[in-house]
file query.txt (compact mmCIF, C-alpha atoms)
# COMPACT_ATOMS: atom_id res chain seq x y z
CA MET O 2 -21.84 42.08 -23.64
CA ARG O 3 -23.52 41.22 -26.93
CA THR O 4 -27.00 39.75 -26.64
CA ASP O 5 -28.50 36.97 -28.72
CA SER O 6 -31.36 38.49 -30.73
CA ARG O 7 -32.43 35.42 -32.71
CA LEU O 8 -35.71 35.05 -30.82
CA SER O 9 -36.85 38.65 -31.22
CA ARG O 10 -35.70 38.77 -34.84
CA MET O 11 -37.50 35.56 -35.78
CA LEU O 12 -40.67 36.60 -33.97
CA HIS O 13 -40.52 39.83 -35.99
CA VAL O 14 -40.09 37.86 -39.22
CA LEU O 15 -42.84 35.37 -38.41
CA LEU O 16 -45.37 38.10 -37.75
CA HIS O 17 -44.51 39.77 -41.06
CA ILE O 18 -44.76 36.46 -42.93
CA ALA O 19 -48.12 35.73 -41.29
CA ARG O 20 -49.47 39.04 -42.64
CA GLU O 21 -48.45 38.43 -46.24
CA SER O 22 -50.50 36.58 -48.82
CA GLN O 23 -47.39 35.92 -50.95
CA PRO O 24 -44.22 34.14 -49.85
CA ILE O 25 -41.42 36.36 -48.55
CA THR O 26 -37.94 35.63 -49.90
CA SER O 27 -34.81 35.23 -47.83
CA GLU O 28 -33.48 38.34 -49.57
CA GLN O 29 -36.51 40.38 -48.47
CA ILE O 30 -36.16 39.12 -44.91
CA GLY O 31 -32.44 39.83 -44.98
CA ALA O 32 -33.09 43.41 -46.08
CA MET O 33 -35.66 43.82 -43.30
CA LEU O 34 -33.19 42.54 -40.69
CA GLY O 35 -30.06 44.11 -42.11
CA THR O 36 -28.36 40.79 -42.77
CA ASN O 37 -27.74 38.55 -45.75
CA ALA O 38 -30.02 35.88 -47.16
CA ALA O 39 -27.69 33.02 -46.18
CA VAL O 40 -27.99 33.97 -42.51
CA VAL O 41 -31.76 34.12 -42.89
CA ARG O 42 -31.89 30.65 -44.47
CA ARG O 43 -29.72 29.16 -41.71
CA THR O 44 -31.89 30.63 -38.98
CA MET O 45 -35.17 29.80 -40.70
CA ALA O 46 -34.06 26.17 -41.13
CA GLY O 47 -34.86 25.45 -37.49
CA LEU O 48 -38.32 26.94 -37.88
CA ARG O 49 -38.90 24.85 -41.02
CA LYS O 50 -37.71 21.68 -39.29
CA ALA O 51 -40.15 22.36 -36.44
CA GLY O 52 -42.98 22.82 -38.96
CA TYR O 53 -43.63 26.50 -38.26
CA VAL O 54 -42.69 27.71 -41.76
CA LYS O 55 -42.30 26.17 -45.18
CA SER O 56 -40.21 27.33 -48.08
CA GLU O 57 -40.71 27.11 -51.80
CA LYS O 58 -37.90 27.48 -54.32
CA GLY O 59 -37.97 29.22 -57.66
CA HIS O 60 -40.01 32.00 -59.17
CA ASN O 61 -42.66 33.19 -56.67
CA GLY O 62 -40.96 31.11 -53.99
CA GLY O 63 -40.09 32.10 -50.47
CA TRP O 64 -41.19 31.56 -46.89
CA ARG O 65 -44.76 31.01 -45.68
CA ILE O 66 -46.31 30.27 -42.30
CA ALA O 67 -47.06 26.56 -41.92
CA CYS O 68 -48.62 26.53 -38.46
CA ASP O 69 -51.57 27.82 -36.50
CA LEU O 70 -50.37 30.97 -34.70
CA HIS O 71 -52.64 30.09 -31.77
CA SER O 72 -50.74 26.87 -31.10
CA VAL O 73 -47.14 28.15 -31.22
CA THR O 74 -45.56 29.89 -28.24
CA LEU O 75 -42.56 32.14 -27.89
CA LEU O 76 -40.81 29.26 -26.12
CA ASP O 77 -41.47 27.02 -29.13
CA ILE O 78 -39.77 29.57 -31.39
CA HIS O 79 -36.87 29.99 -28.93
CA ASN O 80 -36.30 26.24 -29.02
CA ALA O 81 -36.69 26.01 -32.82
CA VAL O 82 -34.06 28.66 -33.54
CA GLY O 83 -31.61 26.92 -31.23
CA GLY O 84 -31.74 29.73 -28.72
CA PRO O 85 -28.99 29.81 -26.14
CA ARG O 86 -29.48 29.01 -22.52
CA ILE O 87 -31.91 31.48 -21.05
CA PHE O 88 -29.19 32.98 -18.83
CA ALA O 89 -25.44 33.00 -19.38
CA ILE O 90 -24.55 33.89 -15.78
CA GLY O 91 -22.70 31.08 -14.08
CA THR O 92 -20.27 30.19 -11.37
CA ASP O 93 -16.50 30.16 -11.55
CA ARG O 94 -16.17 26.49 -10.55
CA ASP O 95 -18.81 23.82 -10.11
CA ASN O 96 -17.25 22.10 -7.09
CA PRO O 97 -15.15 24.61 -5.17
CA ASP O 98 -13.18 23.71 -2.04
CA CYS O 99 -13.79 27.13 -0.48
CA ALA O 100 -16.86 27.26 1.79
CA VAL O 101 -17.55 30.89 0.83
CA GLU O 102 -17.59 29.99 -2.87
CA GLN O 103 -19.88 27.05 -2.12
CA VAL O 104 -22.41 29.38 -0.45
CA VAL O 105 -22.15 31.92 -3.29
CA ASN O 106 -22.61 29.19 -5.91
CA ALA O 107 -25.66 27.82 -4.13
CA ALA O 108 -27.27 31.26 -3.88
CA LEU O 109 -26.61 32.03 -7.55
CA PHE O 110 -27.80 28.61 -8.68
CA ASP O 111 -31.09 28.91 -6.78
CA ALA O 112 -31.76 32.46 -7.99
CA MET O 113 -30.99 31.61 -11.61
CA ARG O 114 -33.07 28.43 -11.52
CA GLU O 115 -36.08 30.36 -10.21
CA ALA O 116 -35.66 33.20 -12.73
CA GLU O 117 -35.22 30.77 -15.62
CA ALA O 118 -38.34 28.82 -14.62
CA LEU O 119 -40.34 32.05 -14.48
CA LEU O 120 -39.14 33.22 -17.90
CA ILE O 121 -39.73 29.81 -19.50
CA ASP O 122 -43.26 29.74 -18.07
CA ARG O 123 -43.94 33.21 -19.49
CA LEU O 124 -42.49 32.41 -22.93
CA GLY O 125 -44.56 29.23 -22.97
CA ALA O 126 -47.73 31.16 -22.16
CA VAL O 127 -47.59 33.70 -25.02
CA THR O 128 -48.61 32.61 -28.51
CA LEU O 129 -47.75 34.09 -31.87
CA ALA O 130 -51.45 34.87 -32.28
CA GLU O 131 -51.37 37.05 -29.17
CA LEU O 132 -48.42 39.02 -30.57
CA ALA O 133 -50.22 39.40 -33.90
CA GLU O 134 -53.33 40.70 -32.11
CA GLN O 135 -51.23 43.19 -30.12
CA PHE O 136 -49.64 44.39 -33.36
CA ASP O 137 -53.06 44.79 -34.97
CA ASP O 138 -54.25 46.88 -32.02
CA ILE O 139 -51.22 49.18 -32.13
CA ALA O 140 -51.33 49.47 -35.92
CA THR O 141 -55.04 50.31 -35.88
CA ARG O 142 -54.54 53.00 -33.22
CA LYS O 143 -51.69 54.54 -35.22
CA GLY O 144 -53.60 54.35 -38.51
CA TYR O 145 -51.27 51.89 -40.28
CA GLN O 146 -52.60 50.12 -43.35
CA LEU O 147 -52.61 46.41 -42.49
CA PRO O 148 -52.13 43.83 -45.22
CA SER O 149 -54.71 41.06 -45.31
CA PRO O 150 -53.54 37.87 -43.58

call {"tool": "encode", "arguments": {"input": "query.txt", "output": "structure tokens"}}
result
Amino acid sequence: MRTDSRLSRMLHVLLHIARESQPITSEQIGAMLGTNAAVVRRTMAGLRKAGYVKSEKGHNGGWRIACDLHSVTLLDIHNAVGGPRIFAIGTDRDNPDCAVEQVVNAALFDAMREAEALLIDRLGAVTLAELAEQFDDIATRKGYQLPSP
């Protein structure tokens, strides 16, 4: 089963953009992600609409961070990129006649509801700033040269 990687890919992109003093073009982002610039622009549109990034056209144009990384959570980004439902597991029929299927559906529904609530809470508790700080810590330990924010 293919997974939806929009959230992880856009978090990756946002952290790179936040580190750069110059705008990053859709072409540069596309090269980083192994996709084309049109796909980047489509995906970034949701982030722009939510106010997390801004774009400038023309020479020296590109994408810039337009938000405070401390105030934006992973859940905010998930919602902005039009992320899919948290879980794709579901039942065969919503209103089955079979009593066994009714019990199975109820058990699955309850488990998925609890798991989804837990994941949403966690995504809502982690900010972009926290991810950036974790990156800085790892990069410093490994001796990477960090660009100035």

call {"tool": "residues_around", "arguments": {"input": "query.txt", "residues": "O:Ala126", "least_positions_apart": "5", "cutoff": "10 Å", "atoms": "only C-alpha atoms", "output": "VMD selection string"}}
result
chain O and resid 73 to 76 120 to 121 131

call {"tool": "atom_distance", "arguments": {"input": "query.txt", "atom1": "atom CA of O:Gly62", "atom2": "atom CA of O:Thr26"}}
result
6.8 Å

call {"tool": "residues_around", "arguments": {"input": "query.txt", "residues": "O:Thr92", "least_positions_apart": "5", "cutoff": "9 Å", "atoms": "all atoms listed in the file", "output": "list of chain:residue names"}}
result
O:Glu102, O:Val105, O:Asn106, O:Leu109, O:Phe110

call {"tool": "residues_around", "arguments": {"input": "query.txt", "residues": "stretch 39-46 of chain O", "least_positions_apart": "6", "cutoff": "8 Å", "atoms": "all atoms listed in the file", "output": "PyMOL selection string"}}
result
chain O and resi 7+11+27+30-31+54+82

call {"tool": "atom_distance", "arguments": {"input": "query.txt", "atom1": "atom CA of O:Pro97", "atom2": "atom CA of O:Glu115"}}
result
22.3 Å

call {"tool": "atom_distance", "arguments": {"input": "query.txt", "atom1": "atom CA of O:Gly35", "atom2": "atom CA of O:Arg142"}}
result
27.5 Å

call {"tool": "closest_residue", "arguments": {"input": "query.txt", "among": "O:Asp77, O:Asp138, O:Asp111, O:Asp98", "to": "O:Leu124", "atoms": "all atoms listed in the file"}}
result
O:Asp77

call {"tool": "axis_aligned_box", "arguments": {"input": "query.txt", "around": "stretch 138-147 of chain O", "padding_each_side": "3 Å", "output": "lines of an AutoDock Vina configuration file"}}
result
center_x = -53.1
center_y = 50.5
center_z = -37.7
size_x = 9.8
size_y = 14.1
size_z = 17.3

call {"tool": "closest_residue", "arguments": {"input": "query.txt", "among": "O:Gly125, O:Gly63, O:Gly52, O:Gly84", "to": "O:Gln29", "atoms": "only C-alpha atoms"}}
result
O:Gly63

call {"tool": "residues_around", "arguments": {"input": "query.txt", "residues": "stretch 16-19 of chain O", "least_positions_apart": "3", "cutoff": "9 Å", "atoms": "all atoms listed in the file", "output": "list of chain:residue names"}}
result
O:Met11, O:Leu12, O:His13, O:Ser22, O:Gln23, O:Pro24, O:Ile25, O:Trp64, O:Arg65, O:Ile66, O:Leu70, O:Leu129, O:Ala130, O:Leu132, O:Ala133, O:Phe136, O:Pro150

call {"tool": "closest_residue", "arguments": {"input": "query.txt", "among": "O:His79, O:Lys55, O:Arg114, O:Arg94", "to": "O:Asp5", "atoms": "only C-alpha atoms"}}
result
O:His79

call {"tool": "closest_residue", "arguments": {"input": "query.txt", "among": "O:Cys68, O:Val101, O:Leu119, O:Val14", "to": "O:Lys50", "atoms": "all atoms listed in the file"}}
result
O:Cys68

call {"tool": "decode", "arguments": {"input": "query.txt", "residues": "stretch 13-49 of chain O", "atoms": "N, CA, C and O atoms", "output": "PDB file, in the first residue's frame"}}
result
ATOM      1  N   HIS O  13       9.833  18.729   5.838  1.00  0.00           N
ATOM      2  CA  HIS O  13      11.218  18.764   5.358  1.00  0.00           C
ATOM      3  C   HIS O  13      11.487  20.086   4.633  1.00  0.00           C
ATOM      4  O   HIS O  13      12.455  20.801   4.926  1.00  0.00           O
ATOM      5  N   VAL O  14      10.616  20.425   3.719  1.00  0.00           N
ATOM      6  CA  VAL O  14      10.772  21.651   2.927  1.00  0.00           C
ATOM      7  C   VAL O  14      10.716  22.884   3.823  1.00  0.00           C
ATOM      8  O   VAL O  14      11.548  23.799   3.706  1.00  0.00           O
ATOM      9  N   LEU O  15       9.751  22.933   4.720  1.00  0.00           N
ATOM     10  CA  LEU O  15       9.603  24.103   5.588  1.00  0.00           C
ATOM     11  C   LEU O  15      10.838  24.334   6.454  1.00  0.00           C
ATOM     12  O   LEU O  15      11.267  25.482   6.651  1.00  0.00           O
ATOM     13  N   LEU O  16      11.413  23.267   6.957  1.00  0.00           N
ATOM     14  CA  LEU O  16      12.613  23.429   7.786  1.00  0.00           C
ATOM     15  C   LEU O  16      13.795  23.928   6.954  1.00  0.00           C
ATOM     16  O   LEU O  16      14.590  24.739   7.430  1.00  0.00           O
ATOM     17  N   HIS O  17      13.898  23.469   5.712  1.00  0.00           N
ATOM     18  CA  HIS O  17      14.950  24.001   4.832  1.00  0.00           C
ATOM     19  C   HIS O  17      14.703  25.481   4.530  1.00  0.00           C
ATOM     20  O   HIS O  17      15.630  26.289   4.599  1.00  0.00           O
ATOM     21  N   ILE O  18      13.474  25.818   4.192  1.00  0.00           N
ATOM     22  CA  ILE O  18      13.158  27.219   3.873  1.00  0.00           C
ATOM     23  C   ILE O  18      13.451  28.115   5.071  1.00  0.00           C
ATOM     24  O   ILE O  18      13.982  29.215   4.915  1.00  0.00           O
ATOM     25  N   ALA O  19      13.111  27.643   6.262  1.00  0.00           N
ATOM     26  CA  ALA O  19      13.321  28.443   7.474  1.00  0.00           C
ATOM     27  C   ALA O  19      14.800  28.721   7.726  1.00  0.00           C
ATOM     28  O   ALA O  19      15.153  29.724   8.352  1.00  0.00           O
ATOM     29  N   ARG O  20      15.678  27.885   7.222  1.00  0.00           N
ATOM     30  CA  ARG O  20      17.120  28.028   7.411  1.00  0.00           C
ATOM     31  C   ARG O  20      17.765  28.954   6.401  1.00  0.00           C
ATOM     32  O   ARG O  20      18.916  29.351   6.566  1.00  0.00           O
ATOM     33  N   GLU O  21      17.083  29.258   5.334  1.00  0.00           N
ATOM     34  CA  GLU O  21      17.677  30.033   4.243  1.00  0.00           C
ATOM     35  C   GLU O  21      17.360  31.518   4.371  1.00  0.00           C
ATOM     36  O   GLU O  21      16.250  31.893   4.727  1.00  0.00           O
ATOM     37  N   SER O  22      18.344  32.334   4.046  1.00  0.00           N
ATOM     38  CA  SER O  22      18.118  33.780   4.063  1.00  0.00           C
ATOM     39  C   SER O  22      17.520  34.265   2.742  1.00  0.00           C
ATOM     40  O   SER O  22      16.912  35.326   2.690  1.00  0.00           O
ATOM     41  N   GLN O  23      17.688  33.470   1.681  1.00  0.00           N
ATOM     42  CA  GLN O  23      17.140  33.803   0.367  1.00  0.00           C
ATOM     43  C   GLN O  23      15.945  32.898   0.070  1.00  0.00           C
ATOM     44  O   GLN O  23      15.872  31.776   0.577  1.00  0.00           O
ATOM     45  N   PRO O  24      15.014  33.358  -0.751  1.00  0.00           N
ATOM     46  CA  PRO O  24      13.892  32.500  -1.134  1.00  0.00           C
ATOM     47  C   PRO O  24      14.389  31.237  -1.844  1.00  0.00           C
ATOM     48  O   PRO O  24      15.439  31.257  -2.494  1.00  0.00           O
ATOM     49  N   ILE O  25      13.650  30.165  -1.707  1.00  0.00           N
ATOM     50  CA  ILE O  25      13.962  28.910  -2.392  1.00  0.00           C
ATOM     51  C   ILE O  25      12.914  28.715  -3.485  1.00  0.00           C
ATOM     52  O   ILE O  25      11.715  28.817  -3.234  1.00  0.00           O
ATOM     53  N   THR O  26      13.368  28.457  -4.696  1.00  0.00           N
ATOM     54  CA  THR O  26      12.447  28.317  -5.825  1.00  0.00           C
ATOM     55  C   THR O  26      11.758  26.954  -5.819  1.00  0.00           C
ATOM     56  O   THR O  26      12.239  25.998  -5.208  1.00  0.00           O
ATOM     57  N   SER O  27      10.645  26.893  -6.532  1.00  0.00           N
ATOM     58  CA  SER O  27       9.937  25.626  -6.693  1.00  0.00           C
ATOM     59  C   SER O  27      10.823  24.593  -7.375  1.00  0.00           C
ATOM     60  O   SER O  27      10.747  23.403  -7.078  1.00  0.00           O
ATOM     61  N   GLU O  28      11.670  25.045  -8.283  1.00  0.00           N
ATOM     62  CA  GLU O  28      12.592  24.144  -8.975  1.00  0.00           C
ATOM     63  C   GLU O  28      13.606  23.549  -7.997  1.00  0.00           C
ATOM     64  O   GLU O  28      13.913  22.362  -8.056  1.00  0.00           O
ATOM     65  N   GLN O  29      14.128  24.375  -7.093  1.00  0.00           N
ATOM     66  CA  GLN O  29      15.076  23.877  -6.093  1.00  0.00           C
ATOM     67  C   GLN O  29      14.403  22.871  -5.165  1.00  0.00           C
ATOM     68  O   GLN O  29      14.982  21.835  -4.834  1.00  0.00           O
ATOM     69  N   ILE O  30      13.188  23.189  -4.742  1.00  0.00           N
ATOM     70  CA  ILE O  30      12.451  22.280  -3.870  1.00  0.00           C
ATOM     71  C   ILE O  30      12.144  20.982  -4.609  1.00  0.00           C
ATOM     72  O   ILE O  30      12.291  19.890  -4.059  1.00  0.00           O
ATOM     73  N   GLY O  31      11.744  21.105  -5.862  1.00  0.00           N
ATOM     74  CA  GLY O  31      11.465  19.924  -6.666  1.00  0.00           C
ATOM     75  C   GLY O  31      12.674  19.021  -6.786  1.00  0.00           C
ATOM     76  O   GLY O  31      12.566  17.793  -6.680  1.00  0.00           O
ATOM     77  N   ALA O  32      13.850  19.615  -6.995  1.00  0.00           N
ATOM     78  CA  ALA O  32      15.081  18.824  -7.088  1.00  0.00           C
ATOM     79  C   ALA O  32      15.368  18.124  -5.760  1.00  0.00           C
ATOM     80  O   ALA O  32      15.770  16.959  -5.736  1.00  0.00           O
ATOM     81  N   MET O  33      15.129  18.826  -4.657  1.00  0.00           N
ATOM     82  CA  MET O  33      15.358  18.255  -3.333  1.00  0.00           C
ATOM     83  C   MET O  33      14.436  17.054  -3.087  1.00  0.00           C
ATOM     84  O   MET O  33      14.845  16.054  -2.511  1.00  0.00           O
ATOM     85  N   LEU O  34      13.197  17.157  -3.558  1.00  0.00           N
ATOM     86  CA  LEU O  34      12.201  16.116  -3.315  1.00  0.00           C
ATOM     87  C   LEU O  34      12.112  15.078  -4.424  1.00  0.00           C
ATOM     88  O   LEU O  34      11.384  14.089  -4.294  1.00  0.00           O
ATOM     89  N   GLY O  35      12.804  15.309  -5.519  1.00  0.00           N
ATOM     90  CA  GLY O  35      12.726  14.385  -6.636  1.00  0.00           C
ATOM     91  C   GLY O  35      11.396  14.435  -7.358  1.00  0.00           C
ATOM     92  O   GLY O  35      10.866  13.417  -7.807  1.00  0.00           O
ATOM     93  N   THR O  36      10.862  15.647  -7.487  1.00  0.00           N
ATOM     94  CA  THR O  36       9.595  15.843  -8.194  1.00  0.00           C
ATOM     95  C   THR O  36       9.713  17.112  -9.028  1.00  0.00           C
ATOM     96  O   THR O  36      10.737  17.781  -9.007  1.00  0.00           O
ATOM     97  N   ASN O  37       8.649  17.440  -9.750  1.00  0.00           N
ATOM     98  CA  ASN O  37       8.750  18.642 -10.583  1.00  0.00           C
ATOM     99  C   ASN O  37       8.166  19.865  -9.878  1.00  0.00           C
ATOM    100  O   ASN O  37       7.429  19.755  -8.901  1.00  0.00           O
ATOM    101  N   ALA O  38       8.513  21.018 -10.388  1.00  0.00           N
ATOM    102  CA  ALA O  38       8.143  22.288  -9.767  1.00  0.00           C
ATOM    103  C   ALA O  38       6.631  22.493  -9.710  1.00  0.00           C
ATOM    104  O   ALA O  38       6.126  23.106  -8.768  1.00  0.00           O
ATOM    105  N   ALA O  39       5.903  21.985 -10.692  1.00  0.00           N
ATOM    106  CA  ALA O  39       4.441  22.146 -10.688  1.00  0.00           C
ATOM    107  C   ALA O  39       3.819  21.427  -9.495  1.00  0.00           C
ATOM    108  O   ALA O  39       2.887  21.942  -8.854  1.00  0.00           O
ATOM    109  N   VAL O  40       4.330  20.254  -9.170  1.00  0.00           N
ATOM    110  CA  VAL O  40       3.832  19.514  -8.005  1.00  0.00           C
ATOM    111  C   VAL O  40       4.138  20.294  -6.730  1.00  0.00           C
ATOM    112  O   VAL O  40       3.309  20.403  -5.827  1.00  0.00           O
ATOM    113  N   VAL O  41       5.322  20.855  -6.673  1.00  0.00           N
ATOM    114  CA  VAL O  41       5.715  21.664  -5.514  1.00  0.00           C
ATOM    115  C   VAL O  41       4.753  22.838  -5.353  1.00  0.00           C
ATOM    116  O   VAL O  41       4.240  23.092  -4.262  1.00  0.00           O
ATOM    117  N   ARG O  42       4.501  23.564  -6.434  1.00  0.00           N
ATOM    118  CA  ARG O  42       3.625  24.742  -6.360  1.00  0.00           C
ATOM    119  C   ARG O  42       2.215  24.357  -5.902  1.00  0.00           C
ATOM    120  O   ARG O  42       1.605  25.066  -5.101  1.00  0.00           O
ATOM    121  N   ARG O  43       1.708  23.240  -6.412  1.00  0.00           N
ATOM    122  CA  ARG O  43       0.366  22.791  -6.004  1.00  0.00           C
ATOM    123  C   ARG O  43       0.320  22.479  -4.514  1.00  0.00           C
ATOM    124  O   ARG O  43      -0.624  22.848  -3.818  1.00  0.00           O
ATOM    125  N   THR O  44       1.325  21.796  -4.031  1.00  0.00           N
ATOM    126  CA  THR O  44       1.352  21.415  -2.617  1.00  0.00           C
ATOM    127  C   THR O  44       1.585  22.631  -1.725  1.00  0.00           C
ATOM    128  O   THR O  44       0.961  22.772  -0.677  1.00  0.00           O
ATOM    129  N   MET O  45       2.469  23.510  -2.145  1.00  0.00           N
ATOM    130  CA  MET O  45       2.788  24.701  -1.356  1.00  0.00           C
ATOM    131  C   MET O  45       1.623  25.691  -1.324  1.00  0.00           C
ATOM    132  O   MET O  45       1.547  26.522  -0.412  1.00  0.00           O
ATOM    133  N   ALA O  46       0.709  25.592  -2.276  1.00  0.00           N
ATOM    134  CA  ALA O  46      -0.434  26.511  -2.322  1.00  0.00           C
ATOM    135  C   ALA O  46      -1.247  26.462  -1.035  1.00  0.00           C
ATOM    136  O   ALA O  46      -1.699  27.498  -0.537  1.00  0.00           O
ATOM    137  N   GLY O  47      -1.432  25.275  -0.482  1.00  0.00           N
ATOM    138  CA  GLY O  47      -2.173  25.158   0.778  1.00  0.00           C
ATOM    139  C   GLY O  47      -1.445  25.813   1.933  1.00  0.00           C
ATOM    140  O   GLY O  47      -2.066  26.428   2.808  1.00  0.00           O
ATOM    141  N   LEU O  48      -0.135  25.696   1.936  1.00  0.00           N
ATOM    142  CA  LEU O  48       0.664  26.351   2.977  1.00  0.00           C
ATOM    143  C   LEU O  48       0.619  27.869   2.838  1.00  0.00           C
ATOM    144  O   LEU O  48       0.567  28.588   3.834  1.00  0.00           O
ATOM    145  N   ARG O  49       0.620  28.346   1.587  1.00  0.00           N
ATOM    146  CA  ARG O  49       0.519  29.796   1.347  1.00  0.00           C
ATOM    147  C   ARG O  49      -0.850  30.310   1.784  1.00  0.00           C
ATOM    148  O   ARG O  49      -0.953  31.333   2.459  1.00  0.00           O
TER     149      ARG O  49
END
